[in-house]
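Asks: This one is query_4.cif, mmCIF, C-alpha atoms.
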```cif
data_start
loop_
_atom_site.label_atom_id
_atom_site.label_comp_id
_atom_site.auth_asym_id
_atom_site.auth_seq_id
_atom_site.Cartn_x
_atom_site.Cartn_y
_atom_site.Cartn_z
CA MET A 1 0.00 0.00 0.00
CA ARG A 2 1.38 3.39 -1.06
CA TRP A 3 1.65 6.16 1.50
CA TYR A 4 -1.16 8.23 -0.03
CA GLU A 5 -3.45 5.17 -0.05
CA PHE A 6 -2.65 4.70 3.63
CA LEU A 7 -3.47 8.35 4.35
CA ALA A 8 -6.71 8.05 2.42
CA SER A 9 -7.67 4.97 4.50
CA TYR A 10 -6.64 6.80 7.68
CA TRP A 11 -8.89 9.80 6.98
CA ARG A 12 -11.82 7.53 6.14
CA LEU A 13 -11.79 6.28 9.75
CA SER A 14 -14.06 7.84 12.36
CA PRO A 15 -12.51 10.69 14.43
CA LEU A 16 -12.35 8.47 17.52
CA ALA A 17 -10.63 5.65 15.62
CA ARG A 18 -8.09 8.10 14.15
CA ILE A 19 -7.25 9.49 17.59
CA ILE A 20 -6.82 6.00 19.10
CA LEU A 21 -4.59 4.94 16.19
CA THR A 22 -2.53 8.13 16.51
CA ILE A 23 -2.10 7.78 20.29
CA THR A 24 -1.05 4.13 19.91
CA THR A 25 1.49 5.07 17.24
CA ILE A 26 2.93 7.91 19.33
CA ILE A 27 3.28 5.72 22.46
CA CYS A 28 4.97 2.90 20.56
CA LEU A 29 7.26 5.28 18.64
CA PHE A 30 8.41 7.22 21.73
CA GLY A 31 8.77 3.96 23.63
CA ILE A 32 11.22 2.72 21.01
CA VAL A 33 13.05 6.08 20.83
CA ILE A 34 13.57 6.37 24.61
CA HIS A 35 14.85 2.78 24.69
CA ILE A 36 17.41 3.65 22.01
CA VAL A 37 18.37 6.96 23.66
CA GLU A 38 18.68 5.57 27.22
CA PRO A 39 19.15 1.81 27.05
CA LYS A 40 20.43 1.65 30.64
CA THR A 41 17.34 3.27 32.17
CA PHE A 42 14.92 1.66 29.72
CA SER A 43 16.41 -1.79 29.25
CA THR A 44 13.61 -3.10 27.00
CA THR A 45 11.30 -1.64 24.42
CA PHE A 46 8.37 -2.61 26.65
CA ASP A 47 9.81 -0.45 29.45
CA GLY A 48 9.91 2.45 27.00
CA ILE A 49 6.32 1.89 25.90
CA TRP A 50 5.22 1.59 29.52
CA TRP A 51 6.89 4.91 30.34
CA ALA A 52 5.38 6.58 27.25
CA LEU A 53 1.90 5.38 28.21
CA ILE A 54 2.20 6.55 31.82
CA THR A 55 3.59 9.91 30.68
CA THR A 56 0.93 10.65 28.04
CA THR A 57 -1.89 9.78 30.43
CA THR A 58 -0.32 12.14 33.05
CA ILE A 59 -0.32 9.39 35.68
CA GLY A 60 3.44 9.64 36.23
CA TYR A 61 4.38 6.75 38.54
CA GLY A 62 8.01 7.88 38.51
CA ASP A 63 9.38 4.31 38.37
CA LEU A 64 11.15 5.08 35.08
CA VAL A 65 12.57 8.58 34.51
CA PRO A 66 14.93 9.85 31.76
CA LYS A 67 18.40 10.70 33.12
CA THR A 68 20.11 12.33 30.14
CA VAL A 69 19.43 15.65 28.45
CA VAL A 70 18.44 13.91 25.22
CA GLY A 71 16.09 11.65 27.14
CA LYS A 72 14.49 14.65 28.83
CA VAL A 73 14.07 16.38 25.46
CA VAL A 74 12.30 13.24 24.19
CA ALA A 75 10.08 13.35 27.30
CA ILE A 76 9.20 17.00 26.68
CA ALA A 77 8.29 16.24 23.07
CA LEU A 78 6.13 13.33 24.24
CA ILE A 79 4.37 15.46 26.84
CA LEU A 80 3.62 18.24 24.33
CA LEU A 81 2.53 15.89 21.56
CA GLY A 82 1.06 12.87 23.34
CA THR A 83 -0.90 14.68 26.02
CA ALA A 84 -2.62 16.81 23.39
CA PHE A 85 -3.88 13.72 21.58
CA VAL A 86 -4.93 12.01 24.81
CA SER A 87 -6.89 15.14 25.78
CA ALA A 88 -8.47 15.17 22.32
CA TYR A 89 -9.40 11.51 22.82
CA PHE A 90 -11.26 12.18 26.06
CA VAL A 91 -12.93 15.28 24.61
CA THR A 92 -14.10 13.30 21.58
CA LEU A 93 -15.30 10.46 23.79
CA SER A 94 -17.25 12.87 26.00
CA ALA A 95 -18.71 14.66 23.00
CA LYS A 96 -19.88 11.37 21.53
CA ALA A 97 -21.49 10.34 24.82
CA ILE A 98 -23.28 13.70 25.11
CA SER A 99 -24.31 13.59 21.46
CA LYS A 100 -25.76 10.09 21.90
CA GLU A 101 -27.64 11.15 25.04
CA ASN A 102 -29.07 14.20 23.24
CA ALA A 103 -30.07 12.07 20.25
CA LEU A 104 -31.81 9.61 22.60
CA SER A 105 -33.70 12.37 24.40
CA ALA A 106 -34.68 13.98 21.09
CA GLY A 107 -35.94 10.64 19.74
CA GLU A 108 -33.45 10.53 16.87
CA LEU A 109 -31.52 7.39 17.87
CA PRO A 110 -32.58 4.21 15.98
CA TYR A 111 -33.50 1.12 17.99
CA THR A 112 -31.29 -1.87 17.17
CA LYS A 113 -32.55 -4.63 19.49
CA GLY A 114 -35.45 -7.01 18.86
CA GLN A 115 -38.44 -8.73 20.48
CA HIS A 116 -39.57 -5.39 21.90
CA ILE A 117 -42.98 -3.83 22.47
CA ILE A 118 -43.69 -0.65 20.50
CA LEU A 119 -46.15 1.77 22.10
CA VAL A 120 -47.64 4.51 19.90
CA GLY A 121 -48.51 7.74 21.68
CA TRP A 122 -47.45 9.18 25.03
CA ASN A 123 -50.40 9.56 27.37
CA GLU A 124 -51.64 8.43 30.76
CA ARG A 125 -52.68 5.03 29.40
CA ILE A 126 -49.14 4.34 28.28
CA ARG A 127 -47.76 5.58 31.61
CA GLN A 128 -49.99 3.14 33.47
CA LEU A 129 -49.13 0.33 31.08
CA LEU A 130 -45.40 0.81 31.69
CA THR A 131 -45.92 0.57 35.45
CA LEU A 132 -47.66 -2.79 35.01
CA LEU A 133 -45.12 -4.31 32.62
CA PRO A 134 -42.11 -6.13 34.12
CA PRO A 135 -39.00 -3.88 34.01
CA HIS A 136 -37.03 -6.40 31.96
CA VAL A 137 -39.49 -6.22 29.03
CA PRO A 138 -37.92 -4.02 26.29
CA CYS A 139 -40.26 -1.19 25.30
CA LEU A 140 -40.17 1.66 22.81
CA VAL A 141 -42.44 4.71 22.59
CA ILE A 142 -43.26 6.53 19.34
CA ASP A 143 -44.72 10.02 19.63
CA GLU A 144 -44.64 13.11 17.43
CA THR A 145 -45.75 15.70 20.00
CA LEU A 146 -43.00 15.34 22.62
CA LYS A 147 -40.06 17.70 22.22
CA ARG A 148 -37.74 15.75 24.51
CA TRP A 149 -37.96 12.40 26.29
CA ASP A 150 -37.19 12.78 29.97
CA VAL A 151 -39.04 9.93 31.71
CA PRO A 152 -38.71 7.03 32.08
CA LYS A 153 -35.04 6.77 31.15
CA HIS A 154 -34.97 3.02 30.47
CA ILE A 155 -37.59 3.31 27.69
CA HIS A 156 -36.34 4.05 24.18
CA PHE A 157 -38.03 6.98 22.42
CA ILE A 158 -38.56 7.61 18.70
CA LYS A 159 -39.92 11.02 17.70
CA GLY A 160 -41.93 11.13 14.50
CA ASN A 161 -45.22 10.66 12.72
CA PRO A 162 -46.30 7.02 13.16
CA THR A 163 -47.83 6.96 9.67
CA HIS A 164 -44.38 7.37 8.07
CA ASP A 165 -42.30 4.35 7.07
CA ASP A 166 -38.97 5.84 8.17
CA VAL A 167 -40.22 6.17 11.76
CA TRP A 168 -41.04 2.47 11.91
CA LYS A 169 -37.71 1.54 10.35
CA ARG A 170 -35.95 3.52 13.10
CA ALA A 171 -38.12 1.67 15.62
CA ASN A 172 -36.98 -1.65 14.09
CA VAL A 173 -40.56 -2.84 13.62
CA PHE A 174 -39.24 -5.81 11.61
CA ASP A 175 -38.03 -7.47 14.83
CA ALA A 176 -40.77 -6.20 17.14
CA HIS A 177 -42.84 -8.57 19.27
CA THR A 178 -45.98 -6.46 19.69
CA VAL A 179 -47.26 -3.03 18.66
CA ILE A 180 -49.88 -1.18 20.74
CA ILE A 181 -51.52 1.84 19.11
CA THR A 182 -53.31 4.29 21.40
CA ALA A 183 -55.75 6.95 20.25
CA ASN A 184 -54.26 10.36 19.60
CA GLN A 185 -55.46 12.57 22.47
CA HIS A 186 -54.89 15.74 20.41
CA LYS A 187 -57.57 14.81 17.83
CA ASN A 188 -61.33 14.32 18.03
CA GLU A 189 -62.56 10.73 18.31
CA THR A 190 -63.22 10.09 14.61
CA GLU A 191 -59.94 11.66 13.47
CA ALA A 192 -58.04 9.77 16.17
CA ASP A 193 -59.51 6.45 14.98
CA LEU A 194 -58.71 7.18 11.34
CA ALA A 195 -55.12 8.09 12.29
CA SER A 196 -54.80 4.84 14.27
CA ILE A 197 -56.03 2.79 11.28
CA VAL A 198 -53.60 4.52 8.90
CA THR A 199 -50.82 3.81 11.40
CA LEU A 200 -51.91 0.17 11.51
CA LEU A 201 -51.83 -0.07 7.71
CA THR A 202 -48.30 1.36 7.71
CA ILE A 203 -47.15 -1.24 10.24
CA LYS A 204 -48.76 -4.19 8.43
CA ALA A 205 -47.22 -3.10 5.13
CA LEU A 206 -43.75 -3.31 6.70
CA HIS A 207 -44.25 -6.29 9.03
CA PRO A 208 -47.52 -8.18 8.33
CA ASP A 209 -46.96 -10.79 11.05
CA VAL A 210 -46.36 -8.50 14.03
CA TYR A 211 -49.07 -8.74 16.71
CA THR A 212 -50.99 -5.46 16.88
CA VAL A 213 -53.37 -4.04 19.48
CA VAL A 214 -55.36 -0.94 18.49
CA GLU A 215 -57.36 1.40 20.69
CA VAL A 216 -60.57 2.54 18.96
CA LEU A 217 -62.90 5.22 20.34
CA THR A 218 -65.88 4.97 17.97
CA THR A 219 -67.75 1.71 17.34
CA PRO A 220 -68.11 2.16 13.52
CA GLN A 221 -64.32 2.05 13.16
CA VAL A 222 -63.91 -1.31 14.92
CA ASP A 223 -64.59 -3.30 11.73
CA ASN A 224 -62.24 -1.04 9.76
CA ALA A 225 -59.46 -1.70 12.27
CA LYS A 226 -60.02 -5.45 11.93
CA ARG A 227 -60.02 -5.19 8.13
CA ALA A 228 -56.71 -3.29 8.35
CA GLY A 229 -55.20 -6.28 10.16
CA ALA A 230 -55.58 -5.53 13.87
CA ASP A 231 -55.12 -8.67 15.95
CA ALA A 232 -56.94 -7.12 18.91
CA VAL A 233 -59.18 -4.04 19.16
CA ILE A 234 -59.84 -2.25 22.45
CA GLU A 235 -62.99 -0.09 22.48
CA THR A 236 -62.04 2.33 25.25
CA ASN A 237 -65.37 4.15 25.45
CA LYS A 238 -67.29 0.88 25.46
CA TRP A 239 -65.24 -0.43 28.39
CA ILE A 240 -65.68 2.80 30.34
CA SER A 241 -69.43 2.68 29.76
CA PHE A 242 -69.45 -0.93 30.93
CA LEU A 243 -67.68 0.03 34.17
CA MET A 244 -70.00 2.99 34.74
CA THR A 245 -73.06 0.78 34.25
CA ASN A 246 -71.74 -1.79 36.70
CA CYS A 247 -71.02 0.94 39.24
CA LEU A 248 -74.76 1.67 39.32
CA SER A 249 -75.65 -1.89 40.34
CA ALA A 250 -72.47 -2.71 42.29
CA PRO A 251 -70.94 0.39 43.93
CA ASN A 252 -67.78 -1.49 44.93
CA ILE A 253 -67.05 -2.87 41.47
CA LEU A 254 -64.10 -0.49 40.96
CA ASN A 255 -62.45 -1.77 44.13
CA ASP A 256 -62.95 -5.30 42.81
CA MET A 257 -61.32 -4.32 39.51
CA GLU A 258 -58.36 -2.87 41.39
CA GLN A 259 -57.85 -6.26 43.03
CA LEU A 260 -57.98 -7.96 39.63
CA LYS A 261 -54.88 -5.98 38.60
CA LYS A 262 -52.90 -8.21 40.93
CA HIS A 263 -54.20 -11.32 39.13
CA PRO A 264 -53.79 -10.97 35.37
CA ILE A 265 -55.99 -13.03 33.03
CA LYS A 266 -54.18 -15.43 30.72
CA ARG A 267 -55.00 -18.19 28.27
CA LEU A 268 -53.44 -21.64 28.63
CA THR A 269 -53.08 -24.33 25.98
CA VAL A 270 -54.78 -27.57 26.99
CA HIS A 271 -52.29 -30.27 28.04
CA ASP A 272 -52.85 -33.83 26.82
CA GLU A 273 -53.62 -35.06 30.34
CA TRP A 274 -56.41 -32.48 30.67
CA VAL A 275 -58.31 -33.60 27.57
CA GLY A 276 -61.62 -35.20 28.55
CA MET A 277 -61.60 -33.80 32.10
CA SER A 278 -64.69 -31.97 33.29
CA PHE A 279 -64.50 -28.25 33.93
CA HIS A 280 -65.12 -28.82 37.65
CA THR A 281 -62.33 -31.43 37.93
CA LEU A 282 -59.81 -29.28 36.11
CA LEU A 283 -60.83 -26.27 38.21
CA THR A 284 -59.86 -28.25 41.32
CA GLU A 285 -56.56 -29.40 39.76
CA LEU A 286 -55.50 -25.92 38.66
CA LYS A 287 -56.29 -24.44 42.09
CA LYS A 288 -53.49 -26.62 43.46
CA GLU A 289 -51.12 -24.74 41.13
CA GLY A 290 -52.43 -21.32 42.20
CA LEU A 291 -54.54 -20.83 39.05
CA LEU A 292 -58.25 -20.03 39.01
CA LEU A 293 -60.04 -21.46 35.97
CA ILE A 294 -62.85 -19.11 34.95
CA GLY A 295 -63.70 -20.09 31.39
CA ILE A 296 -63.05 -21.94 28.15
CA ALA A 297 -62.35 -20.42 24.73
CA ASN A 298 -62.41 -22.04 21.30
CA GLU A 299 -62.92 -20.99 17.70
CA GLN A 300 -66.69 -20.77 18.11
CA GLN A 301 -67.11 -18.92 21.39
CA VAL A 302 -65.82 -17.91 24.80
CA THR A 303 -67.67 -19.37 27.76
CA ILE A 304 -67.19 -17.95 31.24
CA ASN A 305 -68.02 -20.30 34.13
CA PRO A 306 -69.47 -23.12 32.00
CA GLN A 307 -71.36 -26.01 33.55
CA GLY A 308 -69.21 -28.22 35.76
CA HIS A 309 -69.66 -31.34 33.59
CA THR A 310 -68.40 -29.58 30.42
CA ALA A 311 -65.62 -31.71 28.92
CA ILE A 312 -62.30 -30.09 28.04
CA GLN A 313 -61.37 -30.50 24.38
CA LYS A 314 -57.88 -30.50 22.81
CA THR A 315 -58.77 -27.46 20.69
CA ASP A 316 -59.86 -25.41 23.73
CA GLU A 317 -57.93 -22.70 25.51
CA LEU A 318 -58.29 -22.23 29.25
CA ILE A 319 -59.00 -18.77 30.63
CA VAL A 320 -57.38 -18.47 34.04
CA LEU A 321 -56.63 -15.89 36.70
CA MET A 322 -52.97 -16.02 37.71
#
```
So that I can check it, write out the structure of this file as structure tokens.

Replies:
Amino acid sequence: MRWYEFLASYWRLSPLARIILTITTIICLFGIVIHIVEPKTFSTTFDGIWWALITTTTIGYGDLVPKTVVGKVVAIALILLGTAFVSAYFVTLSAKAISKENALSAGELPYTKGQHIILVGWNERIRQLLTLLPPHVPCLVIDETLKRWDVPKHIHFIKGNPTHDDVWKRANVFDAHTVIITANQHKNETEADLASIVTLLTIKALHPDVYTVVEVLTTPQVDNAKRAGADAVIETNKWISFLMTNCLSAPNILNDMEQLKKHPIKRLTVHDEWVGMSFHTLLTELKKEGLLLIGIANEQQVTINPQGHTAIQKTDELIVLM
């Protein structure tokens, strides 16, 4: 490789890589020079490199010190040249760390990990959701209204319009586990639903198989969300109306719902040994494992608290309280 080709390759490196390469070269070069100049004090090349490293980093153990005038001149040159590059190294390193932190807070840093949950919109529903999720679950929030992301620090933030492809590419939707789309609180109900459906279409165009949950505010848009590919649709207003209605007949229902937060509902696949058991028998068996069987689901219907003699089928799923 010719010298100009080497220089061209050198300048193509990142600033941090160039500084590290330069510092390494200076330390090795001065280590060799001081060994040649004062072979008695620096008996090996390694001793010279050790001294050059300690000198440039301003640690200065004092175990090896030049004795001659020439050696001291070499030391002065090393201090003037090497310390400048070491200082530049730490400045560059700090600048990169600050730049990365600013990019993260501004929502400009792409997400590179996988199997994460993407949450669209920053609102009280998402805040509550994050408090209920285990801290080890990787999450990412997409929002176009936030200027800076300050809390919580362990959640990655992407700023941008969720109907744009580039935003989802930065969020690494291709490796995502689940996407939850909340209604835009800055729009009226109909506009918010339409925006959610367009967002859903954008996601499904990029990653058709990702599991998606969509919040819908108006009932007429539920079918449109399902047509767009939503795997689950949450009708927020319908659920709130349901709770309000139940509050009229059961004033303590909200306290009961608060207790249910401690016992999440899950679906279990039927084990081979459970096939043919009655609902009542399996209810007793699962209680021994700390699970409360409350219903059976299959392709035709979901049945809560079926008759005790109902036989469990292989194609069923068990609805349990954990």

Asks: How would you write as a list in words the residues that get within 10 Å of (-4.4, 9.6, 31.8) in the file's frame, counting all atoms listed in the file?

Replies: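 Result, sorted by chain then residue number: Leu53, Ile54, Thr55, Thr56, Thr57, Thr58, Ile59, Gly60, Thr83, Val86, Ser87 and Phe90 of chain A.
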
Asks: Would you mind listing what lies within 10 Å of Trp168 of chain A as a list of chain:residue names, with all atoms listed in the file counted and same-chain residues fewer than 3 positions away left out?

Replies: A:Pro110, A:Tyr111, A:Ile118, A:Ile142, A:Ile158, A:Gly160, A:Asn161, A:Pro162, A:Thr163, A:His164, A:Asp165, A:Ala171, A:Asn172, A:Val173, A:Phe174, A:Thr199, A:Thr202, A:Ile203, A:Leu206, A:His207

Asks: Identify all residues satisfying the PyMOL selection byres ((chain A and resi 277-286) around 6) in the given file; provide them as number ranges by chain.

Replies: A: 274-276, 287-289, 291, 293, 308-312

Asks: Write the residues you've just listed into a file as a PDB file, in the frame of the given file, and include C-alpha atoms for each of them.

Replies:
```
ATOM      1  CA  TRP A 274     -56.410 -32.480  30.670  1.00  0.00           C
ATOM      2  CA  VAL A 275     -58.310 -33.600  27.570  1.00  0.00           C
ATOM      3  CA  GLY A 276     -61.620 -35.200  28.550  1.00  0.00           C
ATOM      4  CA  LYS A 287     -56.290 -24.440  42.090  1.00  0.00           C
ATOM      5  CA  LYS A 288     -53.490 -26.620  43.460  1.00  0.00           C
ATOM      6  CA  GLU A 289     -51.120 -24.740  41.130  1.00  0.00           C
ATOM      7  CA  LEU A 291     -54.540 -20.830  39.050  1.00  0.00           C
ATOM      8  CA  LEU A 293     -60.040 -21.460  35.970  1.00  0.00           C
ATOM      9  CA  GLY A 308     -69.210 -28.220  35.760  1.00  0.00           C
ATOM     10  CA  HIS A 309     -69.660 -31.340  33.590  1.00  0.00           C
ATOM     11  CA  THR A 310     -68.400 -29.580  30.420  1.00  0.00           C
ATOM     12  CA  ALA A 311     -65.620 -31.710  28.920  1.00  0.00           C
ATOM     13  CA  ILE A 312     -62.300 -30.090  28.040  1.00  0.00           C
TER      14      ILE A 312
END
```

Asks: Starting from the displayed file, determine the output of the PyMOL selection byres ((chain A and resi 322) around 8) and express the residue list as a count of residues only.

Replies: 9

Asks: Which protein, DNA or RNA residues are at most 9 Å from (-50.4, -10.6, 22.1) in the file's coordinates when you count only C-alpha atoms, listed as a list of chain:residue names?

Replies: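 Checking each residue against the 9 Å limit leaves A:His177, A:Thr178, A:Val179, A:Tyr211, A:Thr212, A:Val213, A:Asp231, A:Ala232.
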
Asks: With a distance cut-off of 12 Å and only C-alpha atoms, select the neighbouring residues of Asp223 of chain A, excluding the residue or stretch itself and same-chain residues fewer than 5 positions from it, and output the selection as a PyMOL selection string.

Replies: chain A and resi 193+197+214+216+218+228-235

Asks: Show me, as a ChimeraX atom specification, the residues that have an atom within 10 Å of segment 124-127 of chain A when counting all atoms listed in the file, minus same-chain residues fewer than 2 positions from it.

Replies: /A:119-122,129-132,141,151-152,180-183

Asks: Looking at A:Leu78, A:Ile49, A:Leu104, A:Leu254, which one is nearest to Leu64 of chain A, with distances taken over only C-alpha atoms?

Replies: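 For Leu64 of chain A, the nearest of the candidates is A:Ile49.
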
Asks: Which residue gives the smallest distance to Gly114 of chain A among A:Ile26, A:Leu140, A:Ile76, A:Val167, with only C-alpha atoms counted?

Replies: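 Closest candidate: A:Leu140.
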
Asks: From the options A:Asn246, A:Gln301, A:Thr236, A:Thr22, which residue's atoms come nearest to Ala84 of chain A, counting only C-alpha atoms?

Replies: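 The answer is A:Thr22, which sits nearest to Ala84 of chain A.
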
Asks: For a quick check of understanding, using only C-alpha atoms, which of A:Thr219, A:Gln185, A:Thr44, A:Ser249 has the smallest distance to Asn237 of chain A?

Replies: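 Using only C-alpha atoms, Asn237 of chain A sits closest to A:Thr219.
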
Asks: Kindly indicate which residue among A:Gly48, A:Gly295, A:Asp272, A:Lys169 lies nearest to Thr315 of chain A, using all atoms listed in the file for the distances.

Replies: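 Of the candidates, the smallest distance to Thr315 of chain A is held by A:Asp272.
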
Asks: Suppose you want the space between atom CA of Asp143 of chain A and atom CA of Glu215 of chain A; what is it in Å?

Replies: 15.3 Å

Asks: Point out the residue among A:Val33, A:Ile296, A:Val198, A:Val210 with the least atom-to-atom distance to His116 of chain A, counting only C-alpha atoms.

Replies: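 Closest to His116 of chain A of all the choices is A:Val210.
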
Asks: Record the distance separating atom CA of Gly107 of chain A and atom CA of Arg170 of chain A, expressed in Å with one decimal.

Replies: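 Computing the Euclidean distance for atom CA of Gly107 of chain A and atom CA of Arg170 of chain A yields 9.7 Å.
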
Asks: Quick one, how far is atom CA of Lys204 of chain A from atom CA of Leu268 of chain A?

Replies: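 Separating atom CA of Lys204 of chain A from atom CA of Leu268 of chain A is a distance of 27.1 Å.
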